[in-house]
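Have a look at the structure below, then the notes.
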Amino acid sequence: AAASAAAGSKKNELAATTTSSSELTIDSLDDVNVPVGQRMRLLWSAVTNPKVLVPLSVLCIWLGKPSADVPFLYFLNNELGFGPEMLGRLRLAESAASLAGILFYRWCLKEVPTKKIFLGTTLAYIPFGLLQVVLVSKWHRRWGIPDAALAFGDDVALAALGQVAFMPTLVLAARMCPPGVEGALFATLMSAYNSARIFGQETGGLLTKFCGVTETDFTRLPLLVLLCTASSLLPLPLLGVFDAVDREGAAEGASVSGEEQEEKSEDFGGGDGPPPPKPPS
């Protein structure tokens, strides 16, 4: 009877600890007895936060546009004769460009509103996407530009732009994430990111079939690349939803800076300044 009573009291304490997600602390999340369902509710509350959900949705729409990556890869391999070594160099350059995009965001775009970042990356995507049209049309050969130079240029730029567009979502998620589910939230964001890219590849496959592009026939590949590039403009009408998110972010930044100034003033004597000098005796 005593054991059952102790077990019952333990269950009551656990239920009281996990009644709501707002009452959870870091210590309670480290407890193995916290139900998985409670952790899932914390994760759901973080993902559905408008400050995270809005930019994530727009980013997924942007990434979910039709993609011509697969036929473009066949073009590089079969038509231009790029071997495994050259394709590996392209992938290495894309990875380096993604890292450069992260550093560029940290140094130059950290304080820029999310709406401007999405607008800038979307508009900057168009000219680099048109470079692919020039490459698959082989117009650059009339001007004496090597195939590799043009292939490296557009792939590197597009990889950097994609990473810059993804960074605001990661930053907002890190700010809004409840303690204890950081890894799960990051995995959820990456799952949404990869799912959007897969959806873009599938829709791009349907568009490739519609245009009649095959692994040996690239006659209408310029049209396919042009359609995929134009589809990147689809999220532009949705950028107005970032106004509320940017206003709330600016208000939070002002409150944080105010708290930091208060802490500094307290370090110098509670904000009253140095004590007045004693009068001479």
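Labels for the structure tokens follow display order: chains A, B, ..., residues from 1 in each chain, ligands from 1.
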
* Asked: Do you know which residues are at most 12 Å from segment 149-152 of chain A counting only C-alpha atoms, after dropping those on the same chain fewer than 2 positions away, and could you put them as a PyMOL selection string?
  -> chain A and resi 72-73+75-77+80+82+86-94+96-97+128-141+143-147+154-159

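Using only C-alpha atoms, the protein and nucleic acid residues lying no more than 12 Å from Ala174 of chain A, apart from those fewer than 6 places from it along its own chain, are Ala46, Val47, Asn49, Lys51, Val52, Met167, Pro168, Gly180, Val181, Glu182, Gly183, Ala184, Leu185, Phe186 and Leu189 of chain A.
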
Could you dump the residues just selected with all heavy atoms as a tab-separated table (two decimals), in the first residue's frame?
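As a result, out_39.tsv now contains:
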```
chain	number	residue	atom	x	y	z
A	46	ALA	N	6.82	25.61	-31.22
A	46	ALA	CA	7.91	26.37	-31.81
A	46	ALA	C	7.76	26.47	-33.32
A	46	ALA	O	7.97	27.54	-33.91
A	46	ALA	CB	9.26	25.74	-31.45
A	47	VAL	N	7.38	25.37	-33.97
A	47	VAL	CA	7.26	25.36	-35.42
A	47	VAL	C	6.09	26.22	-35.87
A	47	VAL	O	6.17	26.91	-36.90
A	47	VAL	CB	7.12	23.92	-35.95
A	47	VAL	CG1	6.84	23.90	-37.44
A	47	VAL	CG2	8.39	23.13	-35.66
A	49	ASN	N	4.91	28.83	-34.43
A	49	ASN	CA	5.06	30.24	-34.11
A	49	ASN	C	5.12	31.04	-35.40
A	49	ASN	O	5.91	30.73	-36.29
A	49	ASN	CB	6.34	30.44	-33.29
A	49	ASN	CG	6.44	31.84	-32.71
A	49	ASN	OD1	6.21	32.83	-33.39
A	49	ASN	ND2	6.78	31.92	-31.44
A	51	LYS	N	6.49	33.68	-36.25
A	51	LYS	CA	7.80	34.23	-36.58
A	51	LYS	C	8.68	33.19	-37.27
A	51	LYS	O	9.64	33.55	-37.95
A	51	LYS	CB	8.48	34.72	-35.31
A	51	LYS	CG	7.74	35.85	-34.62
A	51	LYS	CD	8.44	36.27	-33.35
A	51	LYS	CE	7.64	37.34	-32.61
A	51	LYS	NZ	8.31	37.72	-31.35
A	52	VAL	N	8.39	31.91	-37.05
A	52	VAL	CA	9.13	30.83	-37.70
A	52	VAL	C	8.36	30.27	-38.88
A	52	VAL	O	8.92	30.00	-39.95
A	52	VAL	CB	9.46	29.71	-36.69
A	52	VAL	CG1	10.18	28.56	-37.37
A	52	VAL	CG2	10.30	30.26	-35.55
A	167	MET	N	18.97	31.39	-44.05
A	167	MET	CA	19.51	31.83	-42.76
A	167	MET	C	18.50	32.55	-41.88
A	167	MET	O	18.48	32.32	-40.67
A	167	MET	CB	20.74	32.71	-42.99
A	167	MET	CG	21.97	31.95	-43.45
A	167	MET	SD	22.41	30.60	-42.33
A	167	MET	CE	22.77	31.53	-40.83
A	168	PRO	N	17.65	33.47	-42.39
A	168	PRO	CA	16.69	34.12	-41.49
A	168	PRO	C	15.77	33.13	-40.77
A	168	PRO	O	15.44	33.34	-39.60
A	168	PRO	CB	15.90	35.04	-42.43
A	168	PRO	CG	16.81	35.29	-43.56
A	168	PRO	CD	17.59	34.03	-43.76
A	180	GLY	N	15.40	22.55	-24.65
A	180	GLY	CA	15.23	21.11	-24.60
A	180	GLY	C	14.85	20.45	-25.90
A	180	GLY	O	14.95	19.23	-26.02
A	181	VAL	N	14.43	21.23	-26.91
A	181	VAL	CA	14.04	20.64	-28.20
A	181	VAL	C	14.81	21.30	-29.35
A	181	VAL	O	14.33	21.32	-30.48
A	181	VAL	CB	12.52	20.78	-28.43
A	181	VAL	CG1	11.73	19.94	-27.45
A	181	VAL	CG2	12.07	22.24	-28.34
A	182	GLU	N	15.99	21.82	-29.06
A	182	GLU	CA	16.75	22.53	-30.09
A	182	GLU	C	17.11	21.60	-31.26
A	182	GLU	O	16.94	21.96	-32.43
A	182	GLU	CB	18.02	23.13	-29.49
A	182	GLU	CG	17.78	24.24	-28.48
A	182	GLU	CD	17.58	23.72	-27.07
A	182	GLU	OE1	17.42	22.49	-26.92
A	182	GLU	OE2	17.59	24.53	-26.13
A	183	GLY	N	17.62	20.41	-30.93
A	183	GLY	CA	18.00	19.47	-31.98
A	183	GLY	C	16.81	19.01	-32.81
A	183	GLY	O	16.89	18.91	-34.03
A	184	ALA	N	15.69	18.73	-32.13
A	184	ALA	CA	14.50	18.29	-32.85
A	184	ALA	C	13.96	19.39	-33.76
A	184	ALA	O	13.51	19.13	-34.89
A	184	ALA	CB	13.41	17.85	-31.86
A	185	LEU	N	14.02	20.65	-33.30
A	185	LEU	CA	13.54	21.75	-34.13
A	185	LEU	C	14.42	21.94	-35.36
A	185	LEU	O	13.92	22.14	-36.48
A	185	LEU	CB	13.49	23.04	-33.32
A	185	LEU	CG	13.03	24.30	-34.07
A	185	LEU	CD1	11.62	24.10	-34.63
A	185	LEU	CD2	13.07	25.51	-33.17
A	186	PHE	N	15.75	21.86	-35.19
A	186	PHE	CA	16.64	21.99	-36.33
A	186	PHE	C	16.41	20.85	-37.32
A	186	PHE	O	16.40	21.08	-38.55
A	186	PHE	CB	18.09	21.99	-35.86
A	186	PHE	CG	19.09	22.11	-36.97
A	186	PHE	CD1	19.32	23.32	-37.59
A	186	PHE	CD2	19.79	20.99	-37.41
A	186	PHE	CE1	20.22	23.44	-38.63
A	186	PHE	CE2	20.71	21.10	-38.45
A	186	PHE	CZ	20.93	22.32	-39.05
A	189	LEU	N	13.25	21.62	-39.29
A	189	LEU	CA	13.48	22.64	-40.32
A	189	LEU	C	14.22	22.06	-41.53
A	189	LEU	O	13.88	22.34	-42.68
A	189	LEU	CB	14.26	23.81	-39.73
A	189	LEU	CG	13.55	24.64	-38.66
A	189	LEU	CD1	14.47	25.74	-38.15
A	189	LEU	CD2	12.27	25.23	-39.18
```

* Using only C-alpha atoms, which of A:Ala165, A:Leu63, A:Met40, A:Leu227 sits nearest Gly120 of chain A? ->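 Between A:Ala165, A:Leu63, A:Met40, A:Leu227, the residue approaching Gly120 of chain A most closely is A:Ala165.
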
* Closest of A:Trp62, A:Phe118, A:Trp44, A:Tyr74 to Phe199 of chain A - atom-to-atom distances counting only C-alpha atoms -> A:Trp62

* **Residues of segment 69-270 of chain A in helix (DSSP H, G or I), written as JSON, numbers by chain** => {"A": [69, 70, 71, 72, 73, 74, 75, 76, 77, 78, 79, 84, 85, 86, 87, 88, 89, 90, 91, 92, 93, 94, 95, 96, 97, 98, 99, 100, 101, 102, 103, 104, 105, 106, 107, 108, 109, 114, 115, 116, 117, 118, 119, 120, 121, 122, 123, 124, 125, 126, 127, 128, 129, 130, 131, 132, 133, 134, 135, 136, 137, 139, 140, 141, 142, 143, 147, 148, 149, 150, 151, 152, 153, 154, 155, 156, 157, 158, 159, 160, 161, 162, 163, 164, 165, 166, 167, 168, 169, 170, 171, 172, 173, 174, 175, 176, 182, 183, 184, 185, 186, 187, 188, 189, 190, 191, 192, 193, 194, 195, 196, 197, 198, 199, 200, 201, 202, 203, 204, 205, 206, 207, 208, 209, 210, 211, 221, 222, 223, 224, 225, 226, 227, 228, 229, 230, 231, 232, 233, 236, 237, 238, 239, 240, 241, 242, 243, 244, 245, 246, 247, 248, 249, 250, 251, 252, 253, 254, 255, 256, 257, 258, 259, 260, 261, 262, 263, 264, 265, 266, 267]}

* Write out as a ChimeraX atom specification each polymer residue whose atoms come within 10 Å of Ser231 of chain A, counting only C-alpha atoms; drop sequence neighbours fewer than 4 positions from it. => /A:62,64-67,126,225-227,235
